[in-house]
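Asker: I'd like to ask some things about the structure below.
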Amino acid sequence: TESEVNNPGTENDDSSWGGEDVPSYQEYVEELQAMAFLSSIGDEEACDRAQQAFDSMYENYIIEDDASLEPTTEICNLLIEAYAESSMPNTIEMAEKILDRMESTGSAETAGETIDANDGESETAGATMPPPDINTFTAVLRGYANRAQPTAADDTFRRLYDRFMVTGNRELMPTTEAYNQLIRAWMRSGTRSAASV
């Protein structure tokens with residue numbers, strides 16, 4: 001069963017984001033973009049508000065039976081960005097959890113696996129996630145680079161590369177930006193291993 005939203009700074013109320021009218025897909029995109037930006041400049045409530053917008057979108061997708069509101073990779077990436085760009089504690093772990101669930105989508109063992117970054121504390125605990133794209137991995141890499149965590153960045157980059165090799169999906173080919181974030185993580189850490197990246 002779906003449990004109540006239990007995020008600090010949010011209200012368990014359908015009207016707490018978007019008012020009485022159901023927002024459009026583009027309005028959700030714009031809200032999440034704004035929260036990702038605010039998160040990057042230190043807004044401590046941006047992650048909660050981004051999660052609230054995502055919860056609202058999924059809830060309206062179910063209640064309104066509106067396929068246009070099904071959370072897409074683009075939407076999930078924006079939620080990841082909000083968490084990854086934040087300087088608040090444990091937010092990069094939230095971004096990583098979303099990537100984990102997105103990666104599991106489509107495998108025979110986990111078909112239909114569901115996602116909630118807050119371990120069941122959100123109304124989206126039953127939301128099936130779309131697969132990740134290059135932007136998903138790059139957002140997480142940027143989060144680790146921001147935190148000077150090169151080992152975690154390296155692990156994420158290897159996951160990206162392995163997924164590219166296994167699927168053969170050229171859209172998952174590591175980009176210059178992905179490499180840059182990996183190098184940036186090593187350089188910011190001050191570790192000599194940066195020279196071998």
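All residue names refer to the structure tokens as shown: chains lettered A, B, ... in order, residues numbered from 1 in each chain, ligands numbered from 1 in order.
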Write out as a PDB file with all heavy atoms, in the first residue's frame the residues lying within 12 Å of Phe164 of chain A, counting only C-alpha atoms and excluding same-chain residues fewer than 2 positions away.
Answerer:
```pdb
ATOM      1  N   GLU A 103      17.970   1.935 -13.404  1.00  0.00           N
ATOM      2  CA  GLU A 103      18.804   0.941 -14.072  1.00  0.00           C
ATOM      3  C   GLU A 103      18.156  -0.437 -14.079  1.00  0.00           C
ATOM      4  O   GLU A 103      18.361  -1.216 -15.005  1.00  0.00           O
ATOM      5  CB  GLU A 103      20.168   0.845 -13.383  1.00  0.00           C
ATOM      6  CG  GLU A 103      21.212   1.746 -13.967  1.00  0.00           C
ATOM      7  CD  GLU A 103      22.600   1.213 -13.712  1.00  0.00           C
ATOM      8  OE1 GLU A 103      23.054   1.271 -12.554  1.00  0.00           O
ATOM      9  OE2 GLU A 103      23.232   0.749 -14.679  1.00  0.00           O
ATOM     10  N   PRO A 132      17.389   4.784 -17.458  1.00  0.00           N
ATOM     11  CA  PRO A 132      18.233   5.975 -17.472  1.00  0.00           C
ATOM     12  C   PRO A 132      18.792   6.267 -18.856  1.00  0.00           C
ATOM     13  O   PRO A 132      18.860   5.375 -19.702  1.00  0.00           O
ATOM     14  CB  PRO A 132      19.366   5.601 -16.508  1.00  0.00           C
ATOM     15  CG  PRO A 132      19.476   4.112 -16.651  1.00  0.00           C
ATOM     16  CD  PRO A 132      18.062   3.625 -16.856  1.00  0.00           C
ATOM     17  N   ASP A 133      19.200   7.502 -19.086  1.00  0.00           N
ATOM     18  CA  ASP A 133      19.922   7.860 -20.297  1.00  0.00           C
ATOM     19  C   ASP A 133      21.255   8.480 -19.895  1.00  0.00           C
ATOM     20  O   ASP A 133      21.610   8.498 -18.706  1.00  0.00           O
ATOM     21  CB  ASP A 133      19.093   8.781 -21.199  1.00  0.00           C
ATOM     22  CG  ASP A 133      18.741  10.112 -20.550  1.00  0.00           C
ATOM     23  OD1 ASP A 133      19.332  10.448 -19.494  1.00  0.00           O
ATOM     24  OD2 ASP A 133      17.877  10.824 -21.100  1.00  0.00           O
ATOM     25  N   ILE A 134      21.997   8.993 -20.844  1.00  0.00           N
ATOM     26  CA  ILE A 134      23.311   9.552 -20.545  1.00  0.00           C
ATOM     27  C   ILE A 134      23.199  10.707 -19.557  1.00  0.00           C
ATOM     28  O   ILE A 134      24.073  10.905 -18.698  1.00  0.00           O
ATOM     29  CB  ILE A 134      24.026  10.007 -21.845  1.00  0.00           C
ATOM     30  CG1 ILE A 134      25.447  10.488 -21.544  1.00  0.00           C
ATOM     31  CG2 ILE A 134      23.221  11.058 -22.576  1.00  0.00           C
ATOM     32  CD1 ILE A 134      26.365   9.443 -20.961  1.00  0.00           C
ATOM     33  N   PHE A 137      23.111   9.520 -15.775  1.00  0.00           N
ATOM     34  CA  PHE A 137      24.422   9.211 -15.215  1.00  0.00           C
ATOM     35  C   PHE A 137      25.256  10.477 -15.019  1.00  0.00           C
ATOM     36  O   PHE A 137      25.960  10.621 -14.016  1.00  0.00           O
ATOM     37  CB  PHE A 137      25.165   8.229 -16.124  1.00  0.00           C
ATOM     38  CG  PHE A 137      24.617   6.835 -16.083  1.00  0.00           C
ATOM     39  CD1 PHE A 137      23.686   6.413 -17.011  1.00  0.00           C
ATOM     40  CD2 PHE A 137      25.035   5.938 -15.108  1.00  0.00           C
ATOM     41  CE1 PHE A 137      23.184   5.122 -16.981  1.00  0.00           C
ATOM     42  CE2 PHE A 137      24.538   4.645 -15.066  1.00  0.00           C
ATOM     43  CZ  PHE A 137      23.610   4.230 -16.010  1.00  0.00           C
ATOM     44  N   PHE A 157      30.644   5.984 -13.281  1.00  0.00           N
ATOM     45  CA  PHE A 157      31.107   6.003 -14.669  1.00  0.00           C
ATOM     46  C   PHE A 157      31.234   4.589 -15.212  1.00  0.00           C
ATOM     47  O   PHE A 157      30.857   4.320 -16.364  1.00  0.00           O
ATOM     48  CB  PHE A 157      32.447   6.723 -14.781  1.00  0.00           C
ATOM     49  CG  PHE A 157      32.892   6.944 -16.201  1.00  0.00           C
ATOM     50  CD1 PHE A 157      32.515   8.090 -16.880  1.00  0.00           C
ATOM     51  CD2 PHE A 157      33.653   5.994 -16.866  1.00  0.00           C
ATOM     52  CE1 PHE A 157      32.901   8.289 -18.204  1.00  0.00           C
ATOM     53  CE2 PHE A 157      34.036   6.180 -18.180  1.00  0.00           C
ATOM     54  CZ  PHE A 157      33.665   7.334 -18.854  1.00  0.00           C
ATOM     55  N   ARG A 158      31.737   3.662 -14.411  1.00  0.00           N
ATOM     56  CA  ARG A 158      31.874   2.273 -14.856  1.00  0.00           C
ATOM     57  C   ARG A 158      30.501   1.640 -15.096  1.00  0.00           C
ATOM     58  O   ARG A 158      30.337   0.839 -16.022  1.00  0.00           O
ATOM     59  CB  ARG A 158      32.670   1.467 -13.825  1.00  0.00           C
ATOM     60  CG  ARG A 158      34.135   1.873 -13.765  1.00  0.00           C
ATOM     61  CD  ARG A 158      34.916   1.096 -12.719  1.00  0.00           C
ATOM     62  NE  ARG A 158      36.253   1.636 -12.554  1.00  0.00           N
ATOM     63  CZ  ARG A 158      37.286   1.358 -13.335  1.00  0.00           C
ATOM     64  NH1 ARG A 158      37.117   0.529 -14.362  1.00  0.00           N
ATOM     65  NH2 ARG A 158      38.469   1.897 -13.114  1.00  0.00           N
ATOM     66  N   ARG A 159      29.532   2.017 -14.281  1.00  0.00           N
ATOM     67  CA  ARG A 159      28.166   1.529 -14.504  1.00  0.00           C
ATOM     68  C   ARG A 159      27.632   2.023 -15.839  1.00  0.00           C
ATOM     69  O   ARG A 159      26.981   1.282 -16.581  1.00  0.00           O
ATOM     70  CB  ARG A 159      27.246   1.978 -13.358  1.00  0.00           C
ATOM     71  CG  ARG A 159      27.485   1.244 -12.054  1.00  0.00           C
ATOM     72  CD  ARG A 159      26.759   1.896 -10.905  1.00  0.00           C
ATOM     73  NE  ARG A 159      25.318   1.888 -11.079  1.00  0.00           N
ATOM     74  CZ  ARG A 159      24.480   2.423 -10.188  1.00  0.00           C
ATOM     75  NH1 ARG A 159      24.950   3.010  -9.094  1.00  0.00           N
ATOM     76  NH2 ARG A 159      23.189   2.366 -10.398  1.00  0.00           N
ATOM     77  N   LEU A 160      27.886   3.286 -16.123  1.00  0.00           N
ATOM     78  CA  LEU A 160      27.472   3.855 -17.404  1.00  0.00           C
ATOM     79  C   LEU A 160      28.135   3.108 -18.554  1.00  0.00           C
ATOM     80  O   LEU A 160      27.454   2.696 -19.516  1.00  0.00           O
ATOM     81  CB  LEU A 160      27.856   5.336 -17.457  1.00  0.00           C
ATOM     82  CG  LEU A 160      27.788   6.020 -18.838  1.00  0.00           C
ATOM     83  CD1 LEU A 160      26.383   5.967 -19.409  1.00  0.00           C
ATOM     84  CD2 LEU A 160      28.296   7.461 -18.733  1.00  0.00           C
ATOM     85  N   TYR A 161      29.432   2.934 -18.470  1.00  0.00           N
ATOM     86  CA  TYR A 161      30.169   2.270 -19.549  1.00  0.00           C
ATOM     87  C   TYR A 161      29.702   0.826 -19.720  1.00  0.00           C
ATOM     88  O   TYR A 161      29.496   0.353 -20.853  1.00  0.00           O
ATOM     89  CB  TYR A 161      31.672   2.305 -19.274  1.00  0.00           C
ATOM     90  CG  TYR A 161      32.489   1.753 -20.416  1.00  0.00           C
ATOM     91  CD1 TYR A 161      32.727   2.512 -21.558  1.00  0.00           C
ATOM     92  CD2 TYR A 161      32.996   0.456 -20.365  1.00  0.00           C
ATOM     93  CE1 TYR A 161      33.464   2.012 -22.620  1.00  0.00           C
ATOM     94  CE2 TYR A 161      33.733  -0.061 -21.418  1.00  0.00           C
ATOM     95  CZ  TYR A 161      33.963   0.716 -22.546  1.00  0.00           C
ATOM     96  OH  TYR A 161      34.685   0.203 -23.594  1.00  0.00           O
ATOM     97  N   ASP A 162      29.511   0.118 -18.606  1.00  0.00           N
ATOM     98  CA  ASP A 162      29.051  -1.276 -18.679  1.00  0.00           C
ATOM     99  C   ASP A 162      27.673  -1.362 -19.313  1.00  0.00           C
ATOM    100  O   ASP A 162      27.410  -2.256 -20.129  1.00  0.00           O
ATOM    101  CB  ASP A 162      29.018  -1.902 -17.282  1.00  0.00           C
ATOM    102  CG  ASP A 162      30.405  -2.165 -16.722  1.00  0.00           C
ATOM    103  OD1 ASP A 162      31.380  -2.096 -17.492  1.00  0.00           O
ATOM    104  OD2 ASP A 162      30.503  -2.412 -15.501  1.00  0.00           O
ATOM    105  N   VAL A 166      26.793  -3.422 -22.668  1.00  0.00           N
ATOM    106  CA  VAL A 166      25.835  -4.532 -22.612  1.00  0.00           C
ATOM    107  C   VAL A 166      24.647  -4.290 -23.533  1.00  0.00           C
ATOM    108  O   VAL A 166      24.197  -5.194 -24.246  1.00  0.00           O
ATOM    109  CB  VAL A 166      25.354  -4.758 -21.163  1.00  0.00           C
ATOM    110  CG1 VAL A 166      24.163  -5.716 -21.129  1.00  0.00           C
ATOM    111  CG2 VAL A 166      26.491  -5.313 -20.307  1.00  0.00           C
ATOM    112  N   THR A 167      24.134  -3.059 -23.524  1.00  0.00           N
ATOM    113  CA  THR A 167      22.929  -2.768 -24.318  1.00  0.00           C
ATOM    114  C   THR A 167      23.249  -2.436 -25.766  1.00  0.00           C
ATOM    115  O   THR A 167      22.390  -2.598 -26.637  1.00  0.00           O
ATOM    116  CB  THR A 167      22.151  -1.589 -23.719  1.00  0.00           C
ATOM    117  OG1 THR A 167      22.958  -0.406 -23.787  1.00  0.00           O
ATOM    118  CG2 THR A 167      21.766  -1.872 -22.263  1.00  0.00           C
ATOM    119  N   GLY A 168      24.449  -1.936 -26.025  1.00  0.00           N
ATOM    120  CA  GLY A 168      24.778  -1.493 -27.375  1.00  0.00           C
ATOM    121  C   GLY A 168      24.069  -0.225 -27.774  1.00  0.00           C
ATOM    122  O   GLY A 168      24.072   0.156 -28.947  1.00  0.00           O
ATOM    123  N   ASN A 169      23.460   0.433 -26.784  1.00  0.00           N
ATOM    124  CA  ASN A 169      22.722   1.664 -27.044  1.00  0.00           C
ATOM    125  C   ASN A 169      23.712   2.825 -27.153  1.00  0.00           C
ATOM    126  O   ASN A 169      24.300   3.262 -26.164  1.00  0.00           O
ATOM    127  CB  ASN A 169      21.732   1.920 -25.902  1.00  0.00           C
ATOM    128  CG  ASN A 169      20.888   3.155 -26.133  1.00  0.00           C
ATOM    129  OD1 ASN A 169      21.104   3.920 -27.075  1.00  0.00           O
ATOM    130  ND2 ASN A 169      19.912   3.372 -25.264  1.00  0.00           N
ATOM    131  N   ARG A 170      23.888   3.345 -28.380  1.00  0.00           N
ATOM    132  CA  ARG A 170      24.872   4.396 -28.603  1.00  0.00           C
ATOM    133  C   ARG A 170      24.508   5.693 -27.880  1.00  0.00           C
ATOM    134  O   ARG A 170      25.373   6.546 -27.667  1.00  0.00           O
ATOM    135  CB  ARG A 170      25.042   4.656 -30.105  1.00  0.00           C
ATOM    136  CG  ARG A 170      25.645   3.464 -30.845  1.00  0.00           C
ATOM    137  CD  ARG A 170      25.968   3.814 -32.290  1.00  0.00           C
ATOM    138  NE  ARG A 170      26.960   4.853 -32.395  1.00  0.00           N
ATOM    139  CZ  ARG A 170      28.275   4.646 -32.323  1.00  0.00           C
ATOM    140  NH1 ARG A 170      28.741   3.421 -32.114  1.00  0.00           N
ATOM    141  NH2 ARG A 170      29.123   5.650 -32.452  1.00  0.00           N
ATOM    142  N   GLU A 171      23.237   5.829 -27.484  1.00  0.00           N
ATOM    143  CA  GLU A 171      22.847   7.013 -26.733  1.00  0.00           C
ATOM    144  C   GLU A 171      23.407   6.986 -25.311  1.00  0.00           C
ATOM    145  O   GLU A 171      23.352   7.988 -24.593  1.00  0.00           O
ATOM    146  CB  GLU A 171      21.325   7.138 -26.705  1.00  0.00           C
ATOM    147  CG  GLU A 171      20.727   7.447 -28.076  1.00  0.00           C
ATOM    148  CD  GLU A 171      19.235   7.657 -28.040  1.00  0.00           C
ATOM    149  OE1 GLU A 171      18.653   7.567 -26.939  1.00  0.00           O
ATOM    150  OE2 GLU A 171      18.644   7.905 -29.099  1.00  0.00           O
ATOM    151  N   LEU A 172      23.934   5.824 -24.896  1.00  0.00           N
ATOM    152  CA  LEU A 172      24.563   5.706 -23.582  1.00  0.00           C
ATOM    153  C   LEU A 172      26.082   5.779 -23.666  1.00  0.00           C
ATOM    154  O   LEU A 172      26.777   5.591 -22.663  1.00  0.00           O
ATOM    155  CB  LEU A 172      24.147   4.397 -22.904  1.00  0.00           C
ATOM    156  CG  LEU A 172      22.704   4.323 -22.402  1.00  0.00           C
ATOM    157  CD1 LEU A 172      22.376   2.910 -21.956  1.00  0.00           C
ATOM    158  CD2 LEU A 172      22.479   5.311 -21.257  1.00  0.00           C
ATOM    159  N   MET A 173      26.606   6.057 -24.842  1.00  0.00           N
ATOM    160  CA  MET A 173      28.053   6.190 -24.981  1.00  0.00           C
ATOM    161  C   MET A 173      28.531   7.358 -24.119  1.00  0.00           C
ATOM    162  O   MET A 173      27.984   8.458 -24.188  1.00  0.00           O
ATOM    163  CB  MET A 173      28.435   6.449 -26.441  1.00  0.00           C
ATOM    164  CG  MET A 173      29.933   6.603 -26.652  1.00  0.00           C
ATOM    165  SD  MET A 173      30.350   6.983 -28.383  1.00  0.00           S
ATOM    166  CE  MET A 173      29.884   5.433 -29.170  1.00  0.00           C
ATOM    167  N   PRO A 174      29.530   7.122 -23.263  1.00  0.00           N
ATOM    168  CA  PRO A 174      30.024   8.210 -22.412  1.00  0.00           C
ATOM    169  C   PRO A 174      30.422   9.436 -23.230  1.00  0.00           C
ATOM    170  O   PRO A 174      31.123   9.324 -24.236  1.00  0.00           O
ATOM    171  CB  PRO A 174      31.239   7.579 -21.724  1.00  0.00           C
ATOM    172  CG  PRO A 174      30.910   6.114 -21.677  1.00  0.00           C
ATOM    173  CD  PRO A 174      30.194   5.848 -22.979  1.00  0.00           C
ATOM    174  N   THR A 175      29.947  10.573 -22.805  1.00  0.00           N
ATOM    175  CA  THR A 175      30.188  11.825 -23.504  1.00  0.00           C
ATOM    176  C   THR A 175      31.371  12.566 -22.892  1.00  0.00           C
ATOM    177  O   THR A 175      31.864  12.215 -21.813  1.00  0.00           O
ATOM    178  CB  THR A 175      28.952  12.730 -23.418  1.00  0.00           C
ATOM    179  OG1 THR A 175      28.699  12.987 -22.023  1.00  0.00           O
ATOM    180  CG2 THR A 175      27.738  12.082 -24.057  1.00  0.00           C
TER     181      THR A 175
END
```
Asker: Write out as a PyMOL selection string which residues come within 9 Å of Thr136 of chain A when counting only C-alpha atoms, dropping same-chain ones fewer than 2 positions away.
Answerer: chain A and resi 73-74+76-78+80-81+99+132-134+138-141
Asker: Looking at A:Ser24, A:Asn146, A:Thr91, A:Ser40, which one is nearest to Tyr61 of chain A, with distances taken over only C-alpha atoms?
Answerer: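 Closest candidate: A:Ser24.
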Asker: Excluding Trp186 of chain A and any residue of its chain fewer than 3 positions from it, enumerate the residues within 8 Å of it, using only C-alpha atoms, and give them as number ranges by chain.
Answerer: A: 145, 148-150, 182-183, 189-191, 193-194
Asker: With N, CA, C and O atoms retained, could you export that selection as an mmCIF file, in the first residue's frame?
Answerer:
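The resulting file, part_39.cif, is reproduced below:
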```
data_model
loop_
_atom_site.group_PDB
_atom_site.id
_atom_site.type_symbol
_atom_site.label_atom_id
_atom_site.label_comp_id
_atom_site.auth_asym_id
_atom_site.auth_seq_id
_atom_site.Cartn_x
_atom_site.Cartn_y
_atom_site.Cartn_z
ATOM 1 N N ALA A 145 31.168 14.815 -8.271
ATOM 2 C CA ALA A 145 32.240 15.774 -8.528
ATOM 3 C C ALA A 145 32.115 16.977 -7.597
ATOM 4 O O ALA A 145 33.109 17.454 -7.043
ATOM 5 N N ALA A 148 33.526 16.091 -4.381
ATOM 6 C CA ALA A 148 34.906 15.576 -4.406
ATOM 7 C C ALA A 148 34.949 14.128 -3.920
ATOM 8 O O ALA A 148 35.738 13.768 -3.047
ATOM 9 N N GLN A 149 34.072 13.294 -4.493
ATOM 10 C CA GLN A 149 34.020 11.868 -4.150
ATOM 11 C C GLN A 149 34.392 11.057 -5.395
ATOM 12 O O GLN A 149 33.523 10.530 -6.093
ATOM 13 N N PRO A 150 35.678 10.949 -5.696
ATOM 14 C CA PRO A 150 36.109 10.326 -6.949
ATOM 15 C C PRO A 150 35.822 8.837 -7.051
ATOM 16 O O PRO A 150 35.547 8.337 -8.146
ATOM 17 N N LEU A 182 33.927 13.100 -14.252
ATOM 18 C CA LEU A 182 34.781 12.114 -13.591
ATOM 19 C C LEU A 182 36.145 12.725 -13.267
ATOM 20 O O LEU A 182 36.643 12.601 -12.133
ATOM 21 N N ILE A 183 36.744 13.396 -14.242
ATOM 22 C CA ILE A 183 38.041 14.041 -14.022
ATOM 23 C C ILE A 183 37.923 15.109 -12.937
ATOM 24 O O ILE A 183 38.799 15.241 -12.064
ATOM 25 N N SER A 189 39.323 16.214 -5.501
ATOM 26 C CA SER A 189 39.698 15.422 -4.322
ATOM 27 C C SER A 189 41.159 15.613 -3.962
ATOM 28 O O SER A 189 41.570 15.309 -2.837
ATOM 29 N N GLY A 190 41.956 16.110 -4.915
ATOM 30 C CA GLY A 190 43.370 16.277 -4.675
ATOM 31 C C GLY A 190 44.144 14.978 -4.661
ATOM 32 O O GLY A 190 45.302 14.933 -4.240
ATOM 33 N N THR A 191 43.514 13.904 -5.145
ATOM 34 C CA THR A 191 44.149 12.593 -5.149
ATOM 35 C C THR A 191 45.056 12.454 -6.352
ATOM 36 O O THR A 191 44.693 12.818 -7.476
ATOM 37 N N SER A 193 45.660 9.951 -8.021
ATOM 38 C CA SER A 193 45.089 9.040 -9.011
ATOM 39 C C SER A 193 44.416 9.800 -10.154
ATOM 40 O O SER A 193 44.123 9.231 -11.191
ATOM 41 N N ALA A 194 44.139 11.089 -9.930
ATOM 42 C CA ALA A 194 43.489 11.890 -10.979
ATOM 43 C C ALA A 194 44.289 11.834 -12.272
ATOM 44 O O ALA A 194 43.736 11.873 -13.367
#
```
Asker: Determine, counting only C-alpha atoms, which protein, DNA and RNA residues have an atom within 10 Å of an atom of Glu93 of chain A; residues of the same chain fewer than 2 positions away are not included. Present the result as JSON, numbers by chain.
Answerer: {"A": [83, 84, 89, 90, 91, 95, 96, 97, 98, 99, 117, 140, 143, 144]}
Asker: Could you save those same residues with N, CA, C and O atoms as a PDB file, in the first residue's frame?
Answerer:
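As written to disk, part_3.pdb reads:
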```pdb
ATOM      1  N   TYR A  83      18.466  16.510  -6.283  1.00  0.00           N
ATOM      2  CA  TYR A  83      19.183  15.860  -5.192  1.00  0.00           C
ATOM      3  C   TYR A  83      20.696  15.974  -5.363  1.00  0.00           C
ATOM      4  O   TYR A  83      21.427  16.253  -4.406  1.00  0.00           O
ATOM      5  N   ALA A  84      21.189  15.742  -6.572  1.00  0.00           N
ATOM      6  CA  ALA A  84      22.634  15.722  -6.804  1.00  0.00           C
ATOM      7  C   ALA A  84      23.275  17.084  -6.628  1.00  0.00           C
ATOM      8  O   ALA A  84      24.423  17.191  -6.183  1.00  0.00           O
ATOM      9  N   PRO A  89      22.804  17.091   3.574  1.00  0.00           N
ATOM     10  CA  PRO A  89      23.268  15.728   3.857  1.00  0.00           C
ATOM     11  C   PRO A  89      22.411  14.663   3.183  1.00  0.00           C
ATOM     12  O   PRO A  89      21.183  14.816   3.097  1.00  0.00           O
ATOM     13  N   ASN A  90      23.059  13.609   2.706  1.00  0.00           N
ATOM     14  CA  ASN A  90      22.404  12.399   2.177  1.00  0.00           C
ATOM     15  C   ASN A  90      21.678  12.588   0.848  1.00  0.00           C
ATOM     16  O   ASN A  90      21.039  11.645   0.366  1.00  0.00           O
ATOM     17  N   THR A  91      21.762  13.756   0.247  1.00  0.00           N
ATOM     18  CA  THR A  91      21.002  13.968  -0.984  1.00  0.00           C
ATOM     19  C   THR A  91      21.614  13.232  -2.177  1.00  0.00           C
ATOM     20  O   THR A  91      20.882  12.780  -3.060  1.00  0.00           O
ATOM     21  N   ALA A  95      19.875  10.576  -4.936  1.00  0.00           N
ATOM     22  CA  ALA A  95      20.062  10.560  -6.391  1.00  0.00           C
ATOM     23  C   ALA A  95      20.517   9.176  -6.843  1.00  0.00           C
ATOM     24  O   ALA A  95      20.041   8.648  -7.858  1.00  0.00           O
ATOM     25  N   GLU A  96      21.417   8.582  -6.097  1.00  0.00           N
ATOM     26  CA  GLU A  96      21.931   7.255  -6.428  1.00  0.00           C
ATOM     27  C   GLU A  96      20.825   6.202  -6.358  1.00  0.00           C
ATOM     28  O   GLU A  96      20.754   5.295  -7.204  1.00  0.00           O
ATOM     29  N   LYS A  97      19.955   6.316  -5.374  1.00  0.00           N
ATOM     30  CA  LYS A  97      18.843   5.363  -5.240  1.00  0.00           C
ATOM     31  C   LYS A  97      17.914   5.419  -6.452  1.00  0.00           C
ATOM     32  O   LYS A  97      17.451   4.389  -6.941  1.00  0.00           O
ATOM     33  N   ILE A  98      17.652   6.626  -6.929  1.00  0.00           N
ATOM     34  CA  ILE A  98      16.783   6.754  -8.099  1.00  0.00           C
ATOM     35  C   ILE A  98      17.463   6.127  -9.314  1.00  0.00           C
ATOM     36  O   ILE A  98      16.841   5.391 -10.081  1.00  0.00           O
ATOM     37  N   LEU A  99      18.756   6.392  -9.488  1.00  0.00           N
ATOM     38  CA  LEU A  99      19.493   5.774 -10.592  1.00  0.00           C
ATOM     39  C   LEU A  99      19.450   4.249 -10.482  1.00  0.00           C
ATOM     40  O   LEU A  99      19.253   3.557 -11.485  1.00  0.00           O
ATOM     41  N   ALA A 117      12.606   7.418  -3.821  1.00  0.00           N
ATOM     42  CA  ALA A 117      13.920   7.788  -3.300  1.00  0.00           C
ATOM     43  C   ALA A 117      13.947   7.779  -1.783  1.00  0.00           C
ATOM     44  O   ALA A 117      14.991   7.669  -1.175  1.00  0.00           O
ATOM     45  N   VAL A 140      24.367  12.357 -11.837  1.00  0.00           N
ATOM     46  CA  VAL A 140      24.930  11.729 -10.637  1.00  0.00           C
ATOM     47  C   VAL A 140      26.434  11.961 -10.576  1.00  0.00           C
ATOM     48  O   VAL A 140      26.985  12.268  -9.509  1.00  0.00           O
ATOM     49  N   GLY A 143      27.091  15.315  -9.285  1.00  0.00           N
ATOM     50  CA  GLY A 143      26.885  15.371  -7.838  1.00  0.00           C
ATOM     51  C   GLY A 143      28.094  14.879  -7.073  1.00  0.00           C
ATOM     52  O   GLY A 143      28.507  15.480  -6.067  1.00  0.00           O
ATOM     53  N   TYR A 144      28.696  13.785  -7.535  1.00  0.00           N
ATOM     54  CA  TYR A 144      29.892  13.275  -6.871  1.00  0.00           C
ATOM     55  C   TYR A 144      31.085  14.206  -7.090  1.00  0.00           C
ATOM     56  O   TYR A 144      31.925  14.371  -6.192  1.00  0.00           O
TER      57      TYR A 144
END
```
Asker: As an exercise, work out the distance from atom CA of Phe37 of chain A to atom CA of Gln52 of chain A in Å and give it to one decimal place.
Answerer: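 Spanning atom CA of Phe37 of chain A to atom CA of Gln52 of chain A is a straight-line distance of 15.8 Å.
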Asker: Considering only C-alpha atoms, can you say which of A:Asn135, A:Thr105, A:Thr72, A:Ser86 comes closest to Leu38 of chain A?
Answerer: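 Going through A:Asn135, A:Thr105, A:Thr72, A:Ser86 one by one, the smallest distance to Leu38 of chain A is for A:Ser86.
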Asker: Per DSSP on the backbone, filter segment 38-190 of chain A down to the residues in strand (DSSP E or B) and report them as a VMD selection string.
Answerer: chain A and resid 114 to 115 127 to 128
